[in-house]
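Student: Please see the structure below; I have some questions.
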Amino acid sequence: MGRTLTLFTYKLRFFFGPALRGRFGPLAYFGLILIFLPSGFAFGVTLGSAVLGADTATAIGALAAPLAGLLSFGLLYALGAGVTAHASEFDFFLTADVRPREYLAADLLFQLVSLIGAGGLSAGVAAIGMAVTAGRPPSAALSLFGLLIVYAFFVLMTSQVLVILRVRFPKAPVRLVTAALLILSMLPAAALADAAFPIRFADLPLPSSAYAVLGLAVLRGTAWPVLDVFLAAVYAGGIAIAWFALSNTYIVHGLRPTMSAGFGQVDMGSRMEIQRHITARLGGVTTRVRFRPDRGGDTSLMTRLHLVRIWRDGSILFVGLFAVIGILSSGAGRNQRGFIGVAAVTQTLTLVLGILAINWAFYERENLWIVLTSAQGPAAYFRGLMLSFATIGLVASVPFFLLLIANQSIGLSIESLAVAIASPIAGGFAAAALLTRIKLKPSALSFAALGIFFLVSLGGILGGLAAEGVLLAARAIGVIAAEAQATILFGFLLALAALGLWTVTRLAAAFRL
């Protein structure tokens, strides 16, 4: 136990130390946590509203969707590293007299504490929002949060077990099985969008459904069903037994260093290694996307350049998976009117744009000397950056539209369309404008990184709300016809895009490397 605690302490200090010992101490780290508190509470209120007044099957499905999404992220992590190992650990710890079980236990504890440290407060606020919306006292959030911790532990142990099996049996199709489980884990959330889906996942003994039933009992103030308590205990206990039986397997030769830097830091050498790995795996796919520099104007050329760059460096793969899993799992199923949570979808899309903006600030900004030495200047470059962000956001919103269209009993409202289209445009506008003024360094977590992440998300959300407000104002003055509202929305989107391009052009004129 002493070695496990030593390893755990080292991992914790290495990862969170730079964020807590920066120029402003822990303020930047706490600022990042506080940014997500309002959205966490809003998500809890949305989820509580979906449960309130719904039938039991629908309520279970709504609660199971985010839990299934959490399992999906865990399985996605198992397809990659699955274990957070730093390069120094291969030099000092993994060559010492440390049993594999001791190292895996330390890593498991580190992952759980890191999740709680990064998102625990936001999850707690979401649990309070769920409890209050469902008419329960705020103290009921403690039981909801406890269930979430147990379920997160189950997910992390499942991820480690799959990694151990993959290393122990290199010829077995463990990755293929993990990918199949990843697809199956997303089906409950996808099925929630269509009432006519032939399979009712709430009736199946799935891990997400079992824990969702217990959460529903807490929200309704009823006794926990014995069968679901048994199922939840079997899942948690079963994976714990499997982990204990496999955790002493020698797997050091199958691990690779993935934790190359602390929280908020970027290791450029590790980043280049990841790029080489992605290029080797996806090179045949990326080369099929052709880039024709002899066609189109300057802005079109730069837009296509950014899209091809994001496609070929592997970012689009992460964005696609993040958008699909995030939209399926965080949409809270249906709200009281039957619509999938538009606010959660908007937040997911703006988070994606914030991540892409920070990636550009880390990896691409230093390459701008080529653009600055040209006769055209950086205006077209940043206009193309804005349009590429907006395009990626719009494409990422396609799964949301498909979910709405698939449910024929609901239909696609003009307000949902306005928010889902305006948010990526406004988010791309905010991202490109900020990147002309903010410079990041691949060091500890800084307020500049927080500023990009927060303001891009805020800009996207405000743009979506503005589009919805324009439609509500038009309806208030008597514009009711769907064609007229669509025309107003189209005009607003054109004006928003034109304002963004004009502003970015003015800001780019004063850009300094």
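Each chain in the structure tokens gets a letter, A, B and so on, in the order shown; residues start at 1 in every chain, and ligands are counted from 1 in the order they appear.
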Skipping near chain neighbours, those fewer than 2 positions away, what residues fall within 9 Å of Leu75 (chain A) using only C-alpha atoms, listed as a list in words?
Tutor: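 Near neighbours after the sequence-gap exclusion: Leu70, Leu71, Ser72, Phe73, Tyr77, Ala78, Leu79, Gly80, Gly82, Val155, Leu156, Thr158, Ser159, Leu162, Thr178, Ala179, Leu181, Leu182 and Ser185 of chain A.
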Student: At a cut-off of 12 Å, using only C-alpha atoms, what residues contact Phe169 (chain A)? Leave out same-chain residues fewer than 4 positions from it and give the result as a PyMOL selection string.
Tutor: chain A and resi 161-165+173-175+246+249-251+254
Student: Now that the selection is made, can you save its residues with C-alpha atoms as a PDB file, in the first residue's frame?
Tutor:
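Result file again_24.pdb:
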```pdb
ATOM      1  CA  VAL A 161      -9.108  -4.513 -17.722  1.00  0.00           C
ATOM      2  CA  LEU A 162      -9.416  -4.142 -21.493  1.00  0.00           C
ATOM      3  CA  VAL A 163      -5.880  -2.743 -21.688  1.00  0.00           C
ATOM      4  CA  ILE A 164      -4.517  -5.626 -19.617  1.00  0.00           C
ATOM      5  CA  LEU A 165      -6.272  -8.159 -21.852  1.00  0.00           C
ATOM      6  CA  PRO A 173      -9.165  -9.202 -31.153  1.00  0.00           C
ATOM      7  CA  VAL A 174      -9.441  -7.169 -27.950  1.00  0.00           C
ATOM      8  CA  ARG A 175      -9.437  -3.833 -29.803  1.00  0.00           C
ATOM      9  CA  LEU A 246      -5.608  -9.696 -14.033  1.00  0.00           C
ATOM     10  CA  THR A 249      -0.088  -9.472 -15.243  1.00  0.00           C
ATOM     11  CA  TYR A 250       3.207  -8.027 -16.459  1.00  0.00           C
ATOM     12  CA  ILE A 251       2.132  -5.320 -18.892  1.00  0.00           C
ATOM     13  CA  GLY A 254       2.766  -3.023 -23.616  1.00  0.00           C
TER      14      GLY A 254
END
```
Student: Pick the closest to Ala484 (chain A) from A:Leu471, A:Ala361, A:Tyr151, A:Val167: which is it, counting only C-alpha atoms?
Tutor: A:Leu471
Student: To one decimal in Å, tell me the separation between CA of Leu305 (chain A) and CA of Gln376 (chain A).
Tutor: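 Between these atoms lies a distance of 15.7 Å.
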Student: Which polymer residues have any atom within 10 Å of an atom of Gly40 (chain A), counting only C-alpha atoms, with same-chain residues fewer than 2 positions away left out, as a list in words?
Tutor: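 Here the answer would be Leu34, Ile35, Phe36, Leu37, Pro38, Ala42, Phe43, Gly44, Val45, Thr46, Gly119, Leu121, Ser122, Ala123, Gly124, Val125, Ala126, Ala127, Ile128, Gly129 and Ala344 of chain A.
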Student: Store the residues picked out above, limited to C-alpha atoms, as a short mmCIF file (atom, residue, chain, number, x, y, z; two decimals), in the first residue's frame.
Tutor:
```
data_model
loop_
_atom_site.label_atom_id
_atom_site.label_comp_id
_atom_site.auth_asym_id
_atom_site.auth_seq_id
_atom_site.Cartn_x
_atom_site.Cartn_y
_atom_site.Cartn_z
CA LEU A 34 -15.76 27.72 -12.00
CA ILE A 35 -16.32 28.26 -15.73
CA PHE A 36 -18.27 25.02 -15.97
CA LEU A 37 -20.43 25.49 -12.88
CA PRO A 38 -23.26 27.39 -14.64
CA ALA A 42 -28.10 24.04 -16.37
CA PHE A 43 -27.43 20.47 -17.43
CA GLY A 44 -28.76 19.20 -14.10
CA VAL A 45 -31.91 21.30 -14.46
CA THR A 46 -32.41 20.01 -18.02
CA GLY A 119 -15.21 17.95 -12.96
CA LEU A 121 -17.63 20.31 -8.47
CA SER A 122 -19.50 20.76 -11.74
CA ALA A 123 -21.01 17.27 -11.38
CA GLY A 124 -22.04 18.07 -7.81
CA VAL A 125 -23.74 21.27 -8.93
CA ALA A 126 -25.50 19.31 -11.69
CA ALA A 127 -26.72 16.81 -9.09
CA ILE A 128 -28.12 19.68 -7.01
CA GLY A 129 -29.88 21.04 -10.09
CA ALA A 344 -26.36 20.81 -24.19
#
```
Student: With a distance cut-off of 12 Å and only C-alpha atoms, select the neighbouring residues of region 138-148 of chain A, excluding the residue or stretch itself and same-chain residues fewer than 2 positions from it, and output the selection as an NGL selection string.
Tutor: :A and (41 or 44 or 48 or 63-64 or 66-68 or 70-71 or 112 or 115-116 or 119-136 or 150-155 or 207-208 or 210-222 or 224 or 229 or 232-233 or 236)
Student: Which one of A:Ala433, A:Val252, A:Ala245, A:Ile370 sits closest to Phe382 (chain A) if you count only C-alpha atoms?
Tutor: A:Ala433
